[in-house]
Amino acid sequence: MSFFIKKKVIAAAVNKGDLKRKSNADDGKGRSKKFNKRMNEEISSDSENESGAPHRKQENEDDEIEETPQEKKLRLAKQYLDQLREEEDKTAENETFEADLIAGRLQDDVLEQKGKLQRMIAKELIAPDSSEIRLLRGHKLSVTCLVISPDEKYIFSASKDCSIIKWEVESGKKVHKIAGGRKGTEDRHVGHTAHILCMAISSDGKYLASGDMNKLIMIWDPMTCKHLYKFTGHKDAVSGLAFRRGTHTLYSASHDRSIKVWSVEENAYVETLFGHQDNITGLDCLSRERCVTAGGRDRTVRVWKIAEESQLVFNGHEGSIDCIQLINEEHMVTGGDDGTISIWTVNKKRPVSTVKQAHGSHGNTGLEQPYWVSSVAALHNSDIVASGASCSHNSAVQLWKCGQGFRGLEPLFSVPMAGFVNSLKFSNSGKFIVAGVGQEHRLGRWWRIKEARNGLYIIPLKRQAQEQVVVQ
């Protein structure tokens with residue numbers, strides 16, 4: 001309340017007192033004495049003073065509330081200006097937070113492109129309880145490959161029964177099944193009529209690709225499972241497929257020892273690359289215009305630089321290299337029938353880390369043979385990799401922690417299951433990993449594990465704290 005308002009209130013109170021004393025004087029001296037006596041009694045009485053205080057306080061408050069229209073406008077204007085300042089401060093804080101967030105994401109993208117981003121989350125993982133692992137069954141024969149949709153709502157799996165099944169992750173129910181056809185029905189059947197060995201899905205979820213033993217690549221719409229295109233050109237089984245992230249460029253690998261590049265959006269063939277000396281067993285790529293391949297019995301890993309039309313050759317395994325997966329743009333993990341898991345960097349021709357007999361061995365003393373590593377997976381830009389083996393009684397899925405700089409591998413925990421783990425995939429968020437299991441190896445029928453169940457195992461990955469980011 002301003003000084004001028006208080007001054008007016010005091011003046012009003014004085015005027016009231018003068019009027020009251022004047023009216024009392026007009027009543028005569030006798031009444032004046034009674035009034036003075038009553039006033040003295042009121043002053044000396046605590047109880048009456050307390051009862052009268054609220055009334056006088058209310059009068060003073062009523063007097064203080066009075067203000068002129070101009071003063072009211074001024075007060076409201078000040079309140080409005082204060083409100084605007086508060087809103088501006090909040091907007092500035094939000095803009096600063098968004099700018100910092102965008103800058104952080106851009107920095108992560110740059111580090112990711114350089115292969116120097118490593119999210120340290122392995123030590124926070126908790127081994128799942130067996131009751132939390134779900135098994136999805138629907139294929140008649142061994143599951144050979146699988147992919148997870150970018151939004152993590154669906155899983156696509158393929159099998160030696162030539163079929164493709166679309167699963168809903170949350171419910172575990174079948175959404176759609178593309179049935180396989182019999183041999184010799186290629187002309188009239190829409191779909192595969194031979195063992196499907198590989199699949200890939202584009203980063204925007206627009207295209208799904210699948211390759212089979214009949215040298216064919218099929219392109220599907222993942223939403224409707226409608227057939228779109230058919231690519232021909234390979235001279236042997238198609239064993240690896242991968243979309244370049246952020247594009248619709250498709251890379252394919254084959255037992256004919258070649259790599260082919262396709263433009264799916266334009267339904268066109270681009271080029272062919274040669275170099276491997278044996279069947280190519282696996283292929284992967286990320287954002288760069290390059291891909292990596294495993295050369296099977298030629299025991300080489302190759303990095304193909306598409307734009308430069310060159311390749312880098314790496315050696316290290318003692319047997320056939322059957323699977324490969326990129327961890328980031330600079331590092332990759334491989335596995336083979338020598339039971340070895342290796343971590344590689346594109347800057348060195350030999351592995352930076354190797355674990356022999358990663359899943360143990362079997363056989364009589366002196367004649368032990370390692371369990372084959374039939375699949376590997378990596379949670380991109382993290383310190384977690386996984387491997388799957390062909391085991392009848394031993395743990396078939398093993399999670400590993402990569403050391404800082406991807407040097408060294410430490411076992412985290414294993415998930416027991418019988419059968420050939422023919423495919424492993426992490427979800428993009430790292431909330432779960434899916435294993436495609438069968439009674440037979442995806443590339444052959446060397447032996448059969450009868451107690452295995454053909455299907456998908458969804459394994460949840462729980463964390464107990466927040467992740468840590470390390471720049472190499």
# chains A, B, ... in the order shown; residues from 1 in each chain; ligands from 1
$ closest_atom_pairs --of "region 341-398 of chain A" --to "region 119-133 of chain A" --cutoff "9 Å" --atoms "only C-alpha atoms" --output "JSON lines"
{"residue": "A:His380", "atom": "CA", "partner": "A:Arg119", "partner_atom": "CA", "distance": 8.9}
{"residue": "A:Asn381", "atom": "CA", "partner": "A:Arg119", "partner_atom": "CA", "distance": 6.0}
{"residue": "A:Ser382", "atom": "CA", "partner": "A:Arg119", "partner_atom": "CA", "distance": 4.2}
{"residue": "A:Asp383", "atom": "CA", "partner": "A:Met120", "partner_atom": "CA", "distance": 5.6}
{"residue": "A:Ile384", "atom": "CA", "partner": "A:Ala122", "partner_atom": "CA", "distance": 5.8}
$ select_by_dssp --residues "region 250-445 of chain A" --states "strand (DSSP E)" --output "ChimeraX atom specification"
/A:250-254,258-263,268-274,282-284,290-294,300-305,310-315,321-326,331-336,341-345,353-355,361-362,369-370,373-378,384-391,395-402,409-416,419-426,432-438
$ write_last_selection --atoms "C-alpha atoms" --output "tab-separated table (two decimals), in the first residue's frame"
chain	number	residue	atom	x	y	z
A	250	LEU	CA	20.88	-52.87	-49.49
A	251	TYR	CA	24.06	-54.97	-49.33
A	252	SER	CA	23.87	-58.71	-50.00
A	253	ALA	CA	26.46	-61.47	-49.55
A	254	SER	CA	26.42	-64.91	-51.13
A	258	SER	CA	30.47	-61.80	-54.08
A	259	ILE	CA	28.91	-58.71	-52.50
A	260	LYS	CA	26.13	-56.92	-54.38
A	261	VAL	CA	24.73	-53.44	-53.84
A	262	TRP	CA	21.05	-52.67	-54.52
A	263	SER	CA	18.81	-49.60	-54.43
A	268	ALA	CA	17.58	-51.48	-59.08
A	269	TYR	CA	20.92	-53.28	-59.04
A	270	VAL	CA	23.98	-51.05	-58.48
A	271	GLU	CA	27.26	-53.02	-58.48
A	272	THR	CA	29.13	-56.20	-57.50
A	273	LEU	CA	32.28	-56.56	-55.38
A	274	PHE	CA	34.69	-59.51	-55.36
A	282	GLY	CA	27.89	-63.13	-42.75
A	283	LEU	CA	27.54	-59.40	-43.50
A	284	ASP	CA	26.80	-56.21	-41.57
A	290	ARG	CA	30.94	-49.53	-46.25
A	291	CYS	CA	30.15	-53.05	-45.05
A	292	VAL	CA	31.99	-55.88	-43.28
A	293	THR	CA	31.89	-59.57	-44.17
A	294	ALA	CA	33.01	-62.93	-42.79
A	300	THR	CA	39.32	-63.57	-43.37
A	301	VAL	CA	37.26	-60.61	-42.26
A	302	ARG	CA	36.94	-57.87	-44.86
A	303	VAL	CA	35.93	-54.22	-44.71
A	304	TRP	CA	34.53	-53.03	-48.04
A	305	LYS	CA	34.87	-49.30	-48.78
A	310	SER	CA	38.74	-50.91	-52.00
A	311	GLN	CA	38.81	-53.51	-49.23
A	312	LEU	CA	40.77	-54.22	-46.03
A	313	VAL	CA	41.65	-57.82	-45.17
A	314	PHE	CA	41.94	-59.12	-41.58
A	315	ASN	CA	43.16	-62.51	-40.33
A	321	ILE	CA	34.34	-67.55	-39.52
A	322	ASP	CA	30.57	-68.06	-39.44
A	323	CYS	CA	29.18	-64.77	-38.05
A	324	ILE	CA	30.04	-61.08	-37.81
A	325	GLN	CA	28.47	-57.96	-36.26
A	326	LEU	CA	29.54	-54.30	-36.04
A	331	HIS	CA	34.91	-52.09	-34.12
A	332	MET	CA	33.33	-55.49	-34.81
A	333	VAL	CA	32.89	-58.92	-33.24
A	334	THR	CA	33.19	-62.31	-34.96
A	335	GLY	CA	32.67	-65.96	-34.08
A	336	GLY	CA	33.55	-69.25	-35.73
A	341	ILE	CA	35.14	-64.90	-30.25
A	342	SER	CA	37.25	-61.98	-31.46
A	343	ILE	CA	36.99	-58.19	-31.27
A	344	TRP	CA	38.49	-56.24	-34.17
A	345	THR	CA	39.26	-52.62	-34.99
A	353	SER	CA	40.83	-59.24	-28.08
A	354	THR	CA	40.19	-62.98	-28.38
A	355	VAL	CA	38.48	-65.60	-26.20
A	361	SER	CA	34.42	-77.90	-25.22
A	362	HIS	CA	33.18	-81.46	-25.53
A	369	GLN	CA	36.49	-80.02	-29.54
A	370	PRO	CA	35.14	-76.52	-28.86
A	373	VAL	CA	30.05	-70.10	-32.06
A	374	SER	CA	27.09	-69.92	-34.42
A	375	SER	CA	25.98	-66.30	-33.86
A	376	VAL	CA	27.13	-63.01	-32.37
A	377	ALA	CA	25.38	-59.72	-31.61
A	378	ALA	CA	26.36	-56.28	-30.33
A	384	ILE	CA	28.03	-55.31	-24.50
A	385	VAL	CA	28.29	-58.18	-26.98
A	386	ALA	CA	26.60	-61.58	-27.01
A	387	SER	CA	27.39	-64.94	-28.53
A	388	GLY	CA	25.37	-68.06	-29.24
A	389	ALA	CA	26.67	-71.58	-29.62
A	390	SER	CA	25.60	-75.07	-30.65
A	391	CYS	CA	25.16	-76.77	-27.29
A	395	SER	CA	24.68	-72.50	-21.74
A	396	ALA	CA	23.95	-71.46	-25.30
A	397	VAL	CA	23.71	-67.63	-24.98
A	398	GLN	CA	26.56	-65.76	-23.29
A	399	LEU	CA	26.76	-62.01	-22.65
A	400	TRP	CA	30.16	-60.35	-22.51
A	401	LYS	CA	31.56	-57.05	-21.29
A	402	CYS	CA	34.09	-55.30	-23.52
A	409	LEU	CA	36.26	-59.61	-22.90
A	410	GLU	CA	34.77	-60.58	-19.55
A	411	PRO	CA	31.78	-62.94	-19.18
A	412	LEU	CA	28.72	-61.29	-17.60
A	413	PHE	CA	26.10	-64.04	-17.41
A	414	SER	CA	24.75	-66.88	-19.50
A	415	VAL	CA	21.25	-68.03	-20.40
A	416	PRO	CA	20.82	-71.81	-20.60
A	419	GLY	CA	19.98	-76.12	-29.50
A	420	PHE	CA	21.76	-74.12	-32.16
A	421	VAL	CA	21.52	-70.38	-31.54
A	422	ASN	CA	21.42	-69.43	-35.21
A	423	SER	CA	20.64	-65.74	-34.74
A	424	LEU	CA	20.98	-63.09	-32.02
A	425	LYS	CA	19.68	-59.52	-32.07
A	426	PHE	CA	19.63	-56.73	-29.46
A	432	PHE	CA	15.91	-57.15	-24.54
A	433	ILE	CA	17.77	-59.58	-26.77
A	434	VAL	CA	16.15	-62.19	-29.01
A	435	ALA	CA	17.67	-65.59	-29.83
A	436	GLY	CA	16.57	-67.66	-32.81
A	437	VAL	CA	17.08	-71.33	-31.90
A	438	GLY	CA	16.79	-74.54	-33.89
$ atom_distance --atom1 "CA of Phe231 (chain A)" --atom2 "CA of Ile196 (chain A)"
14.5 Å
$ residues_around --residues "region 170-182 of chain A" --least-positions-apart "3" --cutoff "8 Å" --atoms "only C-alpha atoms" --output "ChimeraX atom specification"
/A:136,153,161-167,185-186,189,191-194,225
$ write_last_selection --atoms "N, CA and C atoms" --output "PDB file, in the first residue's frame"
ATOM      1  N   LEU A 136       8.669 -68.195 -28.075  1.00  0.00           N
ATOM      2  CA  LEU A 136       7.638 -68.065 -29.109  1.00  0.00           C
ATOM      3  C   LEU A 136       7.838 -69.192 -30.122  1.00  0.00           C
ATOM      4  N   LYS A 153       8.430 -52.992 -31.670  1.00  0.00           N
ATOM      5  CA  LYS A 153       7.111 -53.570 -31.432  1.00  0.00           C
ATOM      6  C   LYS A 153       6.951 -54.952 -32.057  1.00  0.00           C
ATOM      7  N   ASP A 161      11.834 -73.921 -42.842  1.00  0.00           N
ATOM      8  CA  ASP A 161      10.556 -74.310 -43.433  1.00  0.00           C
ATOM      9  C   ASP A 161      10.089 -73.300 -44.489  1.00  0.00           C
ATOM     10  N   CYS A 162      10.973 -72.328 -44.807  1.00  0.00           N
ATOM     11  CA  CYS A 162      10.747 -71.334 -45.879  1.00  0.00           C
ATOM     12  C   CYS A 162       9.728 -70.265 -45.520  1.00  0.00           C
ATOM     13  N   SER A 163       9.290 -70.213 -44.275  1.00  0.00           N
ATOM     14  CA  SER A 163       8.264 -69.248 -43.878  1.00  0.00           C
ATOM     15  C   SER A 163       8.872 -68.070 -43.134  1.00  0.00           C
ATOM     16  N   ILE A 164       8.109 -66.971 -43.117  1.00  0.00           N
ATOM     17  CA  ILE A 164       8.445 -65.775 -42.343  1.00  0.00           C
ATOM     18  C   ILE A 164       7.261 -65.477 -41.436  1.00  0.00           C
ATOM     19  N   ILE A 165       7.541 -65.253 -40.151  1.00  0.00           N
ATOM     20  CA  ILE A 165       6.476 -64.953 -39.189  1.00  0.00           C
ATOM     21  C   ILE A 165       6.739 -63.592 -38.565  1.00  0.00           C
ATOM     22  N   LYS A 166       5.675 -62.794 -38.500  1.00  0.00           N
ATOM     23  CA  LYS A 166       5.730 -61.496 -37.825  1.00  0.00           C
ATOM     24  C   LYS A 166       5.100 -61.654 -36.437  1.00  0.00           C
ATOM     25  N   TRP A 167       5.865 -61.319 -35.386  1.00  0.00           N
ATOM     26  CA  TRP A 167       5.422 -61.468 -34.004  1.00  0.00           C
ATOM     27  C   TRP A 167       5.252 -60.104 -33.349  1.00  0.00           C
ATOM     28  N   THR A 185       7.692 -74.832 -57.048  1.00  0.00           N
ATOM     29  CA  THR A 185       6.511 -73.962 -57.191  1.00  0.00           C
ATOM     30  C   THR A 185       6.907 -72.492 -57.269  1.00  0.00           C
ATOM     31  N   GLU A 186       8.152 -72.208 -57.618  1.00  0.00           N
ATOM     32  CA  GLU A 186       8.647 -70.823 -57.625  1.00  0.00           C
ATOM     33  C   GLU A 186       7.839 -69.913 -58.537  1.00  0.00           C
ATOM     34  N   HIS A 189       4.180 -69.480 -56.605  1.00  0.00           N
ATOM     35  CA  HIS A 189       4.112 -69.190 -55.168  1.00  0.00           C
ATOM     36  C   HIS A 189       4.749 -67.834 -54.853  1.00  0.00           C
ATOM     37  N   GLY A 191       6.560 -65.994 -52.384  1.00  0.00           N
ATOM     38  CA  GLY A 191       7.336 -66.240 -51.175  1.00  0.00           C
ATOM     39  C   GLY A 191       8.509 -67.158 -51.471  1.00  0.00           C
ATOM     40  N   HIS A 192       9.148 -67.648 -50.416  1.00  0.00           N
ATOM     41  CA  HIS A 192      10.330 -68.484 -50.567  1.00  0.00           C
ATOM     42  C   HIS A 192       9.942 -69.959 -50.707  1.00  0.00           C
ATOM     43  N   THR A 193      10.736 -70.670 -51.456  1.00  0.00           N
ATOM     44  CA  THR A 193      10.538 -72.111 -51.621  1.00  0.00           C
ATOM     45  C   THR A 193      11.805 -72.884 -51.253  1.00  0.00           C
ATOM     46  N   ALA A 194      12.743 -72.197 -50.574  1.00  0.00           N
ATOM     47  CA  ALA A 194      13.977 -72.825 -50.090  1.00  0.00           C
ATOM     48  C   ALA A 194      14.329 -72.220 -48.738  1.00  0.00           C
ATOM     49  N   CYS A 225       3.156 -57.027 -44.741  1.00  0.00           N
ATOM     50  CA  CYS A 225       3.787 -58.280 -45.197  1.00  0.00           C
ATOM     51  C   CYS A 225       3.462 -58.577 -46.664  1.00  0.00           C
TER      52      CYS A 225
END
